[in-house]
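Asks: For reference, the file structure_13.cif (mmCIF, C-alpha atoms and all ligand atoms) is included below:
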```cif
data_coords
#
loop_
_atom_site.label_atom_id
_atom_site.label_comp_id
_atom_site.auth_asym_id
_atom_site.auth_seq_id
_atom_site.Cartn_x
_atom_site.Cartn_y
_atom_site.Cartn_z
CA MET A 1 0.00 0.00 0.00
CA LEU A 2 2.78 2.39 1.04
CA LYS A 3 4.82 1.41 -2.03
CA LYS A 4 1.85 2.21 -4.29
CA LEU A 5 1.46 5.58 -2.63
CA TRP A 6 5.15 6.38 -3.17
CA LEU A 7 4.95 5.35 -6.82
CA TRP A 8 1.85 7.49 -7.35
CA LEU A 9 3.51 10.43 -5.65
CA GLY A 10 6.66 9.97 -7.76
CA ARG A 11 4.65 9.89 -11.02
CA TRP A 12 2.66 12.92 -9.92
CA LEU A 13 5.80 14.89 -9.08
CA ALA A 14 7.43 13.93 -12.40
CA LYS A 15 4.33 15.12 -14.32
CA LEU A 16 4.22 18.35 -12.32
CA THR A 17 7.92 19.04 -12.99
CA LEU A 18 7.46 18.34 -16.71
CA THR A 19 4.43 20.62 -16.89
CA LEU A 20 6.32 23.40 -15.10
CA VAL A 21 9.31 23.03 -17.46
CA VAL A 22 7.01 23.18 -20.52
CA VAL A 23 5.11 26.22 -19.15
CA ALA A 24 8.39 28.00 -18.28
CA GLY A 25 9.81 27.22 -21.75
CA LEU A 26 6.65 28.49 -23.44
CA GLY A 27 6.66 31.62 -21.26
CA TRP A 28 10.30 32.28 -22.11
CA GLY A 29 9.67 31.73 -25.84
CA LEU A 30 6.58 33.96 -25.85
CA GLY A 31 8.41 36.63 -23.82
CA THR A 32 11.37 36.62 -26.22
CA ALA A 33 9.07 36.81 -29.26
CA TYR A 34 7.02 39.61 -27.63
CA TYR A 35 10.07 41.71 -26.78
CA SER A 36 11.76 41.27 -30.15
CA TRP A 37 8.49 42.55 -31.69
CA LYS A 38 8.02 45.34 -29.14
CA PHE A 39 11.68 46.41 -29.09
CA SER A 40 12.18 46.98 -32.79
CA GLY A 41 13.17 50.32 -34.31
CA PRO A 42 13.07 52.97 -35.50
CA VAL A 43 12.75 55.25 -32.44
CA SER A 44 12.68 59.00 -31.93
CA SER A 45 15.96 60.85 -31.56
CA GLU A 46 14.16 63.58 -29.60
CA GLU A 47 12.90 63.64 -26.01
CA GLN A 48 9.16 62.95 -25.63
CA ILE A 49 7.93 64.41 -22.37
CA PRO A 50 4.68 62.92 -20.94
CA LEU A 51 2.23 65.63 -19.81
CA ASP A 52 1.83 64.28 -16.27
CA GLU A 53 5.57 63.79 -15.58
CA ASP A 54 6.05 66.83 -13.36
CA ARG A 55 3.35 65.91 -10.89
CA TYR A 56 5.25 62.76 -9.83
CA THR A 57 8.47 64.60 -9.00
CA GLN A 58 7.34 66.23 -5.75
CA THR A 59 6.01 62.91 -4.35
CA ILE A 60 9.30 61.23 -5.24
CA ILE A 61 11.26 63.94 -3.40
CA GLU A 62 9.07 63.42 -0.32
CA ASP A 63 9.60 59.64 -0.47
CA ALA A 64 13.36 60.12 -0.95
CA ILE A 65 13.54 62.27 2.17
CA ARG A 66 11.49 59.65 4.03
CA VAL A 67 14.11 57.05 3.01
CA VAL A 68 16.96 59.35 4.05
CA GLU A 69 15.39 59.73 7.50
CA GLN A 70 14.73 55.96 7.76
CA HIS A 71 18.42 55.28 7.18
CA ARG A 72 20.06 57.87 9.34
CA ASP A 73 23.43 56.75 10.60
CA ASN A 74 23.51 57.94 14.22
CA THR A 75 23.19 61.68 13.87
CA ARG A 76 24.41 62.17 10.30
CA VAL A 77 21.99 62.32 7.38
CA LEU A 78 23.29 60.19 4.50
CA ARG A 79 22.47 60.13 0.79
CA ASP A 80 19.13 58.63 -0.27
CA ALA A 81 21.08 56.32 -2.60
CA HIS A 82 24.72 55.25 -2.67
CA ALA A 83 25.04 56.16 0.99
CA LYS A 84 28.24 54.24 1.66
CA ALA A 85 31.46 55.50 0.07
CA HIS A 86 34.59 53.41 -0.41
CA GLY A 87 36.55 56.61 -0.80
CA CYS A 88 36.83 59.91 -2.57
CA LEU A 89 39.84 59.86 -4.83
CA LYS A 90 41.78 62.42 -6.78
CA ALA A 91 41.74 61.62 -10.47
CA GLU A 92 42.98 62.86 -13.83
CA VAL A 93 40.78 62.66 -16.92
CA SER A 94 42.70 63.11 -20.19
CA VAL A 95 40.92 63.58 -23.50
CA LEU A 96 42.35 61.27 -26.20
CA GLN A 97 45.02 62.93 -28.34
CA ASP A 98 43.48 61.53 -31.52
CA LEU A 99 39.80 61.86 -30.57
CA ALA A 100 37.55 61.70 -33.64
CA PRO A 101 36.58 65.32 -34.61
CA ASP A 102 32.81 64.60 -34.44
CA LEU A 103 33.14 63.68 -30.72
CA ARG A 104 34.97 66.87 -29.71
CA HIS A 105 32.28 68.64 -27.68
CA GLY A 106 32.04 70.11 -24.18
CA VAL A 107 34.83 68.86 -21.92
CA LEU A 108 36.05 66.68 -24.81
CA GLN A 109 36.57 69.65 -27.09
CA GLU A 110 40.36 69.81 -26.75
CA PRO A 111 42.33 66.64 -27.56
CA GLY A 112 45.07 65.98 -24.99
CA LYS A 113 43.46 68.23 -22.34
CA THR A 114 43.76 66.84 -18.77
CA TRP A 115 41.06 67.65 -16.21
CA GLN A 116 41.58 67.32 -12.46
CA ALA A 117 38.68 65.48 -10.84
CA TRP A 118 37.18 63.86 -7.75
CA VAL A 119 35.88 60.31 -8.02
CA ARG A 120 33.51 58.96 -5.36
CA LEU A 121 33.09 55.17 -5.34
CA SER A 122 30.08 53.74 -3.50
CA ASN A 123 27.65 50.92 -2.79
CA GLY A 124 24.15 51.56 -4.15
CA ASN A 125 22.08 50.87 -1.06
CA ALA A 126 20.39 53.66 0.91
CA TYR A 127 21.77 52.07 4.08
CA PRO A 128 25.51 51.34 4.56
CA GLN A 129 25.86 47.57 4.67
CA PHE A 130 28.61 44.94 4.47
CA ASP A 131 30.37 45.16 1.10
CA ARG A 132 29.77 41.47 0.41
CA ALA A 133 25.97 42.09 0.28
CA ARG A 134 24.61 41.98 -3.27
CA ASP A 135 24.33 45.57 -4.47
CA ALA A 136 25.00 48.02 -7.29
CA ARG A 137 28.37 49.82 -7.12
CA GLY A 138 28.50 53.49 -8.05
CA MET A 139 31.07 55.81 -9.55
CA ALA A 140 30.59 59.58 -9.58
CA ILE A 141 33.16 61.81 -11.29
CA LYS A 142 33.40 65.55 -10.80
CA LEU A 143 35.65 67.42 -13.24
CA LEU A 144 36.96 70.64 -11.68
CA ASP A 145 37.60 74.13 -13.06
CA VAL A 146 35.40 73.57 -16.09
CA PRO A 147 34.61 76.95 -17.68
CA GLY A 148 31.24 77.81 -19.24
CA THR A 149 27.64 78.26 -18.11
CA LYS A 150 26.16 75.12 -16.59
CA LEU A 151 22.64 73.70 -16.82
CA LEU A 152 21.99 74.11 -13.07
CA ALA A 153 22.43 77.66 -11.89
CA SER A 154 24.15 76.81 -8.61
CA PRO A 155 27.12 79.00 -7.65
CA GLN A 156 28.74 76.17 -5.63
CA HIS A 157 28.81 73.93 -8.69
CA ALA A 158 29.45 76.56 -11.34
CA ASN A 159 32.81 75.08 -12.41
CA GLU A 160 31.91 71.39 -12.30
CA GLN A 161 31.04 68.74 -14.85
CA ASP A 162 29.71 65.53 -13.26
CA PHE A 163 29.34 61.98 -14.59
CA VAL A 164 27.20 59.69 -12.40
CA MET A 165 27.09 55.93 -13.05
CA PHE A 166 26.61 52.47 -11.59
CA ASN A 167 27.76 49.04 -12.63
CA HIS A 168 24.69 47.62 -14.37
CA PRO A 169 23.80 48.62 -17.95
CA ALA A 170 19.99 48.83 -17.55
CA PHE A 171 17.67 50.64 -15.11
CA PHE A 172 14.88 48.81 -13.28
CA VAL A 173 12.07 51.15 -14.38
CA ARG A 174 11.21 52.72 -17.73
CA ASP A 175 9.86 56.15 -16.78
CA VAL A 176 8.96 58.62 -14.06
CA ALA A 177 5.42 57.26 -13.51
CA GLU A 178 6.74 53.75 -12.91
CA TYR A 179 9.58 55.08 -10.74
CA GLN A 180 7.04 56.87 -8.53
CA SER A 181 4.92 53.79 -7.84
CA ASN A 182 7.91 51.45 -7.54
CA PHE A 183 9.87 53.76 -5.22
CA ALA A 184 6.86 54.47 -2.98
CA ALA A 185 6.31 50.71 -2.57
CA GLN A 186 10.02 50.12 -1.86
CA ALA A 187 10.04 52.95 0.71
CA ASP A 188 7.23 51.03 2.42
CA GLY A 189 9.46 47.93 2.49
CA LYS A 190 7.70 46.10 -0.42
CA LYS A 191 10.83 45.17 -2.34
CA VAL A 192 9.36 42.55 -4.72
CA LEU A 193 5.70 43.63 -4.61
CA ALA A 194 6.88 46.99 -5.99
CA PHE A 195 7.00 45.24 -9.38
CA PHE A 196 3.44 43.89 -9.06
CA PRO A 197 1.41 47.04 -8.33
CA SER A 198 -2.05 45.45 -8.84
CA TRP A 199 -3.81 42.13 -9.47
CA ASP A 200 -3.98 43.02 -13.17
CA PRO A 201 -1.20 40.99 -14.87
CA ARG A 202 -0.81 43.80 -17.44
CA SER A 203 0.70 45.93 -14.64
CA TRP A 204 3.26 43.30 -13.67
CA GLU A 205 6.86 44.31 -14.45
CA VAL A 206 8.61 40.92 -14.51
CA ARG A 207 11.36 42.12 -16.89
CA HIS A 208 12.10 45.05 -14.59
CA LEU A 209 12.16 42.78 -11.54
CA ILE A 210 14.79 40.64 -13.33
CA ILE A 211 16.85 43.80 -14.05
CA ALA A 212 16.57 44.84 -10.38
CA LEU A 213 17.71 41.40 -9.23
CA LYS A 214 20.64 41.42 -11.67
CA THR A 215 21.60 44.94 -10.54
CA LEU A 216 22.08 43.59 -7.03
CA SER A 217 25.23 41.67 -7.92
CA PRO A 218 28.09 40.27 -5.81
CA ALA A 219 30.87 42.74 -5.07
CA PRO A 220 33.95 42.87 -7.31
CA GLN A 221 37.31 42.33 -5.56
CA THR A 222 37.93 46.05 -5.78
CA PRO A 223 35.91 49.02 -7.08
CA VAL A 224 38.53 49.50 -9.83
CA GLN A 225 37.66 46.18 -11.49
CA THR A 226 34.09 46.78 -12.64
CA THR A 227 32.41 48.75 -15.44
CA TYR A 228 30.23 51.75 -14.58
CA ASN A 229 27.41 52.80 -16.94
CA SER A 230 25.49 56.05 -17.40
CA ILE A 231 22.43 53.85 -18.16
CA ALA A 232 20.39 56.93 -19.07
CA PRO A 233 21.23 58.92 -22.25
CA PHE A 234 22.93 62.30 -22.62
CA LYS A 235 23.78 64.75 -25.36
CA LEU A 236 27.33 64.97 -26.66
CA GLY A 237 27.04 68.07 -28.83
CA PRO A 238 24.62 67.05 -31.59
CA HIS A 239 24.71 63.33 -30.71
CA ASN A 240 22.58 61.31 -28.30
CA ILE A 241 24.90 59.02 -26.35
CA LYS A 242 25.25 56.75 -23.36
CA TYR A 243 28.61 56.69 -21.63
CA ARG A 244 30.49 54.26 -19.44
CA VAL A 245 33.80 53.89 -17.60
CA ILE A 246 35.64 50.60 -18.06
CA PRO A 247 38.77 49.37 -16.25
CA ALA A 248 41.85 49.81 -18.47
CA ALA A 249 44.60 48.12 -16.46
CA GLU A 250 46.70 47.95 -19.66
CA ASN A 251 47.30 51.72 -19.36
CA CYS A 252 48.78 51.38 -15.86
CA PRO A 253 51.94 49.64 -14.57
CA ASN A 254 51.36 45.93 -13.92
CA TYR A 255 49.66 45.38 -10.56
CA SER A 256 48.12 42.38 -8.90
CA LEU A 257 45.88 43.01 -5.91
CA PRO A 258 46.33 40.53 -3.04
CA ALA A 259 43.03 38.64 -2.52
CA PRO A 260 40.93 40.78 -0.16
CA ASN A 261 39.25 39.33 2.92
CA THR A 262 35.66 39.61 1.72
CA ASP A 263 34.30 38.89 5.21
CA LEU A 264 35.45 42.32 6.36
CA PRO A 265 32.60 44.86 6.22
CA ASN A 266 34.56 47.47 4.26
CA PHE A 267 36.85 45.34 2.11
CA LEU A 268 36.22 47.51 -0.98
CA ARG A 269 37.72 50.48 0.82
CA SER A 270 40.58 48.25 2.03
CA SER A 271 41.27 47.12 -1.57
CA LEU A 272 41.59 50.75 -2.68
CA TYR A 273 43.79 51.51 0.31
CA GLN A 274 46.00 48.49 -0.46
CA GLN A 275 46.51 49.45 -4.11
CA LEU A 276 46.64 53.25 -4.03
CA SER A 277 48.03 54.02 -0.56
CA LEU A 278 50.15 51.02 0.48
CA ASP A 279 51.39 49.59 -2.82
CA ARG A 280 51.40 53.09 -4.41
CA SER A 281 50.07 51.62 -7.65
CA PRO A 282 47.70 53.75 -9.79
CA ALA A 283 44.43 52.49 -11.27
CA CYS A 284 43.37 53.18 -14.85
CA PHE A 285 40.02 53.43 -16.65
CA ALA A 286 38.73 54.54 -20.04
CA LEU A 287 35.71 56.81 -20.57
CA GLN A 288 33.69 55.61 -23.54
CA VAL A 289 30.61 56.79 -25.43
CA GLN A 290 27.99 54.90 -27.46
CA LYS A 291 26.03 56.87 -30.08
CA GLN A 292 22.31 56.34 -30.55
CA ASN A 293 21.29 54.90 -33.91
CA PRO A 294 17.57 55.73 -34.03
CA GLN A 295 17.01 53.29 -36.91
CA TYR A 296 17.25 50.59 -34.23
CA TYR A 297 15.54 50.20 -30.86
CA MET A 298 17.75 52.57 -28.84
CA PRO A 299 15.13 54.62 -27.00
CA ILE A 300 15.75 57.92 -25.22
CA GLU A 301 12.77 57.54 -22.89
CA ASP A 302 13.33 53.99 -21.59
CA PRO A 303 16.63 53.33 -19.74
CA SER A 304 15.53 49.77 -18.97
CA VAL A 305 16.59 49.00 -22.55
CA GLU A 306 20.30 48.62 -23.30
CA TRP A 307 21.48 50.00 -26.62
CA ASP A 308 22.82 47.14 -28.70
CA GLU A 309 26.63 47.24 -28.78
CA SER A 310 26.81 45.14 -31.92
CA ILE A 311 24.94 47.96 -33.73
CA SER A 312 26.63 50.86 -31.99
CA PRO A 313 29.92 49.96 -30.27
CA PHE A 314 31.38 52.07 -27.46
CA GLN A 315 34.30 54.33 -28.45
CA THR A 316 37.00 55.49 -26.02
CA VAL A 317 37.08 59.29 -25.64
CA ALA A 318 39.26 59.86 -22.56
CA LEU A 319 41.57 58.04 -20.15
CA ILE A 320 41.07 58.22 -16.39
CA THR A 321 43.87 57.70 -13.88
CA LEU A 322 43.54 57.37 -10.11
CA PRO A 323 47.13 58.11 -9.08
CA ALA A 324 48.74 56.53 -6.01
CA GLN A 325 47.47 58.59 -3.06
CA ASP A 326 46.47 58.77 0.60
CA PHE A 327 42.73 59.21 0.68
CA ASP A 328 41.46 57.55 3.84
CA SER A 329 41.65 60.43 6.33
CA SER A 330 38.73 61.65 8.44
CA GLU A 331 38.96 65.10 6.79
CA GLN A 332 38.78 63.67 3.27
CA ASN A 333 35.98 61.26 4.19
CA LEU A 334 33.92 64.12 5.61
CA PHE A 335 34.67 66.24 2.54
CA CYS A 336 33.51 63.32 0.39
CA ASP A 337 30.29 62.92 2.36
CA ASN A 338 29.52 66.59 1.85
CA LEU A 339 30.11 66.58 -1.90
CA ALA A 340 27.04 66.63 -4.13
CA PHE A 341 27.06 64.96 -7.53
CA ASN A 342 24.29 65.60 -10.03
CA PRO A 343 24.20 64.72 -13.75
CA TRP A 344 22.81 68.24 -14.29
CA HIS A 345 26.06 69.81 -13.03
CA ALA A 346 26.89 69.91 -16.70
CA LEU A 347 27.66 71.97 -19.75
CA PRO A 348 24.78 72.20 -22.26
CA GLU A 349 26.89 70.01 -24.61
CA HIS A 350 26.45 67.16 -22.07
CA ARG A 351 22.74 67.74 -21.32
CA PRO A 352 21.05 64.77 -19.60
CA ILE A 353 18.05 63.55 -21.65
CA GLY A 354 15.10 61.19 -21.09
CA GLY A 355 12.50 61.02 -18.31
CA ILE A 356 14.67 59.42 -15.62
CA ASN A 357 17.31 62.11 -16.13
CA ARG A 358 14.69 64.90 -16.07
CA LEU A 359 13.52 63.47 -12.74
CA ARG A 360 17.05 63.30 -11.33
CA LYS A 361 17.51 67.06 -11.80
CA ALA A 362 15.07 68.05 -9.05
CA VAL A 363 15.53 64.99 -6.80
CA TYR A 364 19.34 65.08 -6.49
CA GLN A 365 19.29 68.78 -5.81
CA ALA A 366 16.53 68.54 -3.18
CA VAL A 367 18.07 65.56 -1.36
CA SER A 368 21.63 66.89 -1.36
CA ILE A 369 20.48 70.30 -0.06
CA TYR A 370 18.32 68.58 2.58
CA ARG A 371 21.13 66.41 3.91
CA GLN A 372 23.72 69.16 3.73
CA GLU A 373 21.47 71.53 5.70
CA ARG A 374 20.69 68.83 8.24
CA ASN A 375 24.40 68.11 8.61
CA GLN A 376 25.21 71.81 8.55
CA ALA A 377 27.93 71.03 6.06
CA GLN A 378 30.68 73.55 5.74
CA THR A 379 31.95 72.26 2.43
CA GLN A 380 30.00 71.23 -0.66
C1 LIG B 401 20.49 56.28 -14.66
C2 LIG B 401 20.12 55.99 -13.48
C3 LIG B 401 20.89 56.32 -12.23
C4 LIG B 401 22.23 56.20 -11.94
C5 LIG B 401 23.32 55.70 -12.86
C6 LIG B 401 22.42 56.67 -10.59
C7 LIG B 401 23.63 56.67 -9.90
C8 LIG B 401 23.85 57.30 -8.69
C9 LIG B 401 25.11 57.38 -8.01
C10 LIG B 401 26.42 56.76 -8.46
C11 LIG B 401 24.93 58.13 -6.90
C12 LIG B 401 25.99 58.50 -5.86
C13 LIG B 401 26.61 59.83 -6.20
C14 LIG B 401 27.66 60.17 -5.18
O1 LIG B 401 28.70 59.45 -5.16
O2 LIG B 401 27.47 61.13 -4.41
C15 LIG B 401 23.56 58.52 -6.85
C16 LIG B 401 23.00 59.28 -5.86
C17 LIG B 401 21.68 59.56 -5.78
N1 LIG B 401 20.71 59.11 -6.64
FE1 LIG B 401 20.96 58.13 -8.37
N2 LIG B 401 21.22 57.07 -10.09
C18 LIG B 401 20.26 56.88 -11.06
C19 LIG B 401 18.92 57.17 -10.98
C20 LIG B 401 18.35 57.79 -9.92
C21 LIG B 401 16.96 58.14 -9.84
C22 LIG B 401 15.90 57.84 -10.90
C23 LIG B 401 16.79 58.75 -8.64
C24 LIG B 401 15.53 59.31 -8.05
C25 LIG B 401 14.78 60.11 -8.68
C26 LIG B 401 18.06 58.83 -7.99
C27 LIG B 401 18.29 59.43 -6.77
C28 LIG B 401 19.52 59.63 -6.21
C29 LIG B 401 19.73 60.45 -5.04
C30 LIG B 401 18.67 61.22 -4.27
C31 LIG B 401 21.11 60.41 -4.77
C32 LIG B 401 21.85 61.12 -3.63
C33 LIG B 401 22.07 62.57 -4.01
C34 LIG B 401 22.78 63.34 -2.91
O3 LIG B 401 22.32 63.28 -1.77
O4 LIG B 401 23.79 64.00 -3.21
N3 LIG B 401 18.99 58.22 -8.78
N4 LIG B 401 22.91 58.00 -7.96
#
```
If you convert what's in this file into structure tokens, what do you get?
Replies:
Amino acid sequence: MLKKLWLWLGRWLAKLTLTLVVVAGLGWGLGTAYYSWKFSGPVSSEEQIPLDEDRYTQTIIEDAIRVVEQHRDNTRVLRDAHAKAHGCLKAEVSVLQDLAPDLRHGVLQEPGKTWQAWVRLSNGNAYPQFDRARDARGMAIKLLDVPGTKLLASPQHANEQDFVMFNHPAFFVRDVAEYQSNFAAQADGKKVLAFFPSWDPRSWEVRHLIIALKTLSPAPQTPVQTTYNSIAPFKLGPHNIKYRVIPAAENCPNYSLPAPNTDLPNFLRSSLYQQLSLDRSPACFALQVQKQNPQYYMPIEDPSVEWDESISPFQTVALITLPAQDFDSSEQNLFCDNLAFNPWHALPEHRPIGGINRLRKAVYQAVSIYRQERNQAQTQ
């Protein structure tokens, strides 16, 4: 009797597994077919601003400040995103000597020009956590002494050109409306439910949930061994581009980082300290741009879609060096905390475009001013 029951159960489980595999396969096939139909070009090369976009911004700012207050570290108010820094580093950004003439715009106008810069490396989470936790890793670059009128009329940032990136190539929402509902749910602690806003399956954002899960990736051994993406598009003179920063160890003297102890909470900072401060070995990157080809599905208004590299490959435009340096002092860490990066600290030639970038303009400014005032920061 018992044997019969086991056999029946075994057959039933086998059938169930087979059915699930077939359903999953069909779902995958249908999904792939649907997206290759939906994501086919041509697309607009202009911004298309939804009428109701502005009304979401204020709610998002309020939710961001709610998150900032939820995650206060003792008495200091941290960033709403990328709260934990691995260090603020001095950097040099040198425009390629033989940069193609059609890419010479804004800070890339003069081949061979070297800009002094600050680079802040970070974990993505709103709350500082152990570096081994799955997370996005951020890189923010601030070029200094950049002449020319900027897009944000802020006297403190009048001479700055910022580039703000993290190490996944796609964003987990498509537009401001979706960001508002997703972020509000996440601020209420509904991390996965944020992608399933109602019982109506048409509102389910499974593809975006997969992007969010992939964004939360294991830490690299060091912040200088991962690629950072702009994800959202920007202007480069007349072009629409995305940019990224890739490690370019070949441009630096040979260096091999001793394996870090990844159980330590701040091993990413320790890796930087080991390479730049103890071993006095610089780190090298390349800044690259990818031009939009609007004949293909390379949308301006949906940063959840990567632009296909086989159609439009990235081109190197500048080299970035983090020289050997001492960076881990309490003064420099405080200075770093009080810096404010914003993709709109920019020359018009590098204008951020697309809904997510339009949203970032007001939110970054509001949150950085809020935390700086709360911390009574002396430096910005
Ligand atoms: C393309 C997508 C995005 C990328 C690549 C990105 C990347 C980053 C990075 C690297 C930082 C840390 C900057 C630093 O080191 O100080 C940051 C900060 C921040 N991000 Fe984003 N982010 C994106 C989208 C968004 C969106 C859609 C929002 C909300 C509207 C947002 C809100 C913030 C805020 C409030 C801060 C802190 C600003 C401050 O207090 O100075 N980000 N982001």
Asks: Kindly work out which residues sit at most 7 Å from ligand LIG 401 (chain B), using only C-alpha atoms and all ligand atoms, and give the list as number ranges by chain.
Replies: A: 60, 64, 79-82, 120-122, 138-140, 164-166, 171, 179, 229-232, 339-341, 356-357, 359-360, 363-364, 367-368, 371
Asks: Tell me, in Å to one decimal, how far CA of Val192 in chain A is from CA of Gly355 in chain A.
Replies: 23.1 Å
Asks: Name all residues at most 12 Å from Glu92 in chain A (count all atoms listed in the file; drop same-chain ones fewer than 4 positions away) and give them as number ranges by chain.
Replies: A: 112-119, 141-144, 282-287, 318-324
Asks: Could the residues in this selection be saved with C-alpha atoms as a PDB file, keeping the file's coordinate frame?
Replies:
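Saved file result-v8.pdb follows:
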```pdb
ATOM      1  CA  GLY A 112      45.070  65.980 -24.990  1.00  0.00           C
ATOM      2  CA  LYS A 113      43.460  68.230 -22.340  1.00  0.00           C
ATOM      3  CA  THR A 114      43.760  66.840 -18.770  1.00  0.00           C
ATOM      4  CA  TRP A 115      41.060  67.650 -16.210  1.00  0.00           C
ATOM      5  CA  GLN A 116      41.580  67.320 -12.460  1.00  0.00           C
ATOM      6  CA  ALA A 117      38.680  65.480 -10.840  1.00  0.00           C
ATOM      7  CA  TRP A 118      37.180  63.860  -7.750  1.00  0.00           C
ATOM      8  CA  VAL A 119      35.880  60.310  -8.020  1.00  0.00           C
ATOM      9  CA  ILE A 141      33.160  61.810 -11.290  1.00  0.00           C
ATOM     10  CA  LYS A 142      33.400  65.550 -10.800  1.00  0.00           C
ATOM     11  CA  LEU A 143      35.650  67.420 -13.240  1.00  0.00           C
ATOM     12  CA  LEU A 144      36.960  70.640 -11.680  1.00  0.00           C
ATOM     13  CA  PRO A 282      47.700  53.750  -9.790  1.00  0.00           C
ATOM     14  CA  ALA A 283      44.430  52.490 -11.270  1.00  0.00           C
ATOM     15  CA  CYS A 284      43.370  53.180 -14.850  1.00  0.00           C
ATOM     16  CA  PHE A 285      40.020  53.430 -16.650  1.00  0.00           C
ATOM     17  CA  ALA A 286      38.730  54.540 -20.040  1.00  0.00           C
ATOM     18  CA  LEU A 287      35.710  56.810 -20.570  1.00  0.00           C
ATOM     19  CA  ALA A 318      39.260  59.860 -22.560  1.00  0.00           C
ATOM     20  CA  LEU A 319      41.570  58.040 -20.150  1.00  0.00           C
ATOM     21  CA  ILE A 320      41.070  58.220 -16.390  1.00  0.00           C
ATOM     22  CA  THR A 321      43.870  57.700 -13.880  1.00  0.00           C
ATOM     23  CA  LEU A 322      43.540  57.370 -10.110  1.00  0.00           C
ATOM     24  CA  PRO A 323      47.130  58.110  -9.080  1.00  0.00           C
ATOM     25  CA  ALA A 324      48.740  56.530  -6.010  1.00  0.00           C
TER      26      ALA A 324
END
```
Asks: For a quick check of understanding, using only C-alpha atoms, which of A:Glu178, A:Glu373, A:Asp337, A:Glu349 has the smallest distance to Ser304 in chain A?
Replies: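 Counting only C-alpha atoms, the residue closest to Ser304 in chain A is A:Glu178.
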Asks: Let me make sure I understand: among A:Ile246, A:Leu20, A:Leu347, A:Ile241, which one has the smallest atom-to-atom distance to Pro299 in chain A if we use only C-alpha atoms?
Replies: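 Once distances to Pro299 in chain A are computed over only C-alpha atoms, the minimum belongs to A:Ile241.
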Asks: Of the candidates A:Leu9, A:Gln97, A:Asn125, A:Pro238, which shows the shortest atom-to-atom distance to Pro348 in chain A, using all atoms listed in the file?
Replies: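 Checking each of A:Leu9, A:Gln97, A:Asn125, A:Pro238 against Pro348 in chain A, counting all atoms listed in the file, the winner is A:Pro238.
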Asks: Rounded to one decimal in Å, what is the spacing between CA of Trp8 in chain A and CA of Val22 in chain A?
Replies: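 Atom-to-atom, CA of Trp8 in chain A to CA of Val22 in chain A, that is 21.1 Å.
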Asks: Just how far from CA of Ser330 in chain A is CA of Gln274 in chain A, in Å to one decimal?
Replies: 17.5 Å
Asks: May I ask which of the residues A:Ser181, A:Gln372, A:Ser277, A:Asn123 is the closest one to Leu78 in chain A, counting only C-alpha atoms?
Replies: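 Among the listed residues, A:Gln372 lies closest to Leu78 in chain A.
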Asks: My list of candidates is A:Arg351, A:Arg11, A:Arg137, A:Lys3. Which is closest to Pro220 in chain A when distances are computed with all atoms listed in the file?
Replies: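 Ranking A:Arg351, A:Arg11, A:Arg137, A:Lys3 by distance to Pro220 in chain A, first place goes to A:Arg137.
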Asks: Need the neighbours of (39.2, 48.2, -9.0): which residues are at most 8 Å away, counting only C-alpha atoms, as a PyMOL selection string?
Replies: chain A and resi 220-226+247+271-272+283
Asks: Counting only C-alpha atoms, which residue out of A:Asp145, A:Val77, A:Ser198, A:Leu257 sits closest to Asp162 in chain A?
Replies: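 Answer, going by the shortest atom-to-atom distance: A:Asp145.
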Asks: Neighbouring residues of Ala187 in chain A were defined as those with any atom within 8 Å, considering all atoms listed in the file; residues of the same chain fewer than 2 positions away were excluded. Please report them as a compact mmCIF listing (two decimals) with C-alpha atoms, keeping the file's coordinate frame.
Replies:
```txt
# COMPACT_ATOMS: atom_id res chain seq x y z
CA ASP A 63 9.60 59.64 -0.47
CA ARG A 66 11.49 59.65 4.03
CA VAL A 67 14.11 57.05 3.01
CA PHE A 183 9.87 53.76 -5.22
CA ALA A 184 6.86 54.47 -2.98
CA ALA A 185 6.31 50.71 -2.57
CA GLY A 189 9.46 47.93 2.49
CA LYS A 190 7.70 46.10 -0.42
```
Asks: Please put the answer as lines of an AutoDock Vina configuration file: centre and edge lengths, in Å with one decimal, of a box along x, y and z that encloses all listed atoms of range 80-85 of chain A plus 5 Å on each side.
Replies:
```
center_x = 25.3
center_y = 56.4
center_z = -0.5
size_x = 22.3
size_y = 14.4
size_z = 14.3
```
Asks: As a PDB file with C-alpha atoms, in the coordinates of the input, please: the residues near range 148-152 of chain A (cut-off 7 Å, only C-alpha atoms, same-chain neighbours under 2 positions excluded).
Replies:
```pdb
ATOM      1  CA  VAL A 146      35.400  73.570 -16.090  1.00  0.00           C
ATOM      2  CA  SER A 154      24.150  76.810  -8.610  1.00  0.00           C
ATOM      3  CA  ALA A 158      29.450  76.560 -11.340  1.00  0.00           C
ATOM      4  CA  TRP A 344      22.810  68.240 -14.290  1.00  0.00           C
ATOM      5  CA  HIS A 345      26.060  69.810 -13.030  1.00  0.00           C
ATOM      6  CA  ALA A 346      26.890  69.910 -16.700  1.00  0.00           C
ATOM      7  CA  LEU A 347      27.660  71.970 -19.750  1.00  0.00           C
ATOM      8  CA  PRO A 348      24.780  72.200 -22.260  1.00  0.00           C
TER       9      PRO A 348
END
```
Asks: So that I can see what lies close to range 31-44 of chain A, please list as a PyMOL selection string the residues with an atom at most 8 Å from it, counting all atoms listed in the file and leaving out residues fewer than 5 positions away in the same chain.
Replies: chain A and resi 294-300
Asks: Please provide the set of residues having any atom within 12 Å of Pro265 in chain A, restricted to all atoms listed in the file, with same-chain residues fewer than 6 positions apart removed, written as a PyMOL selection string.
Replies: chain A and resi 84+86+123+128-133+219+271
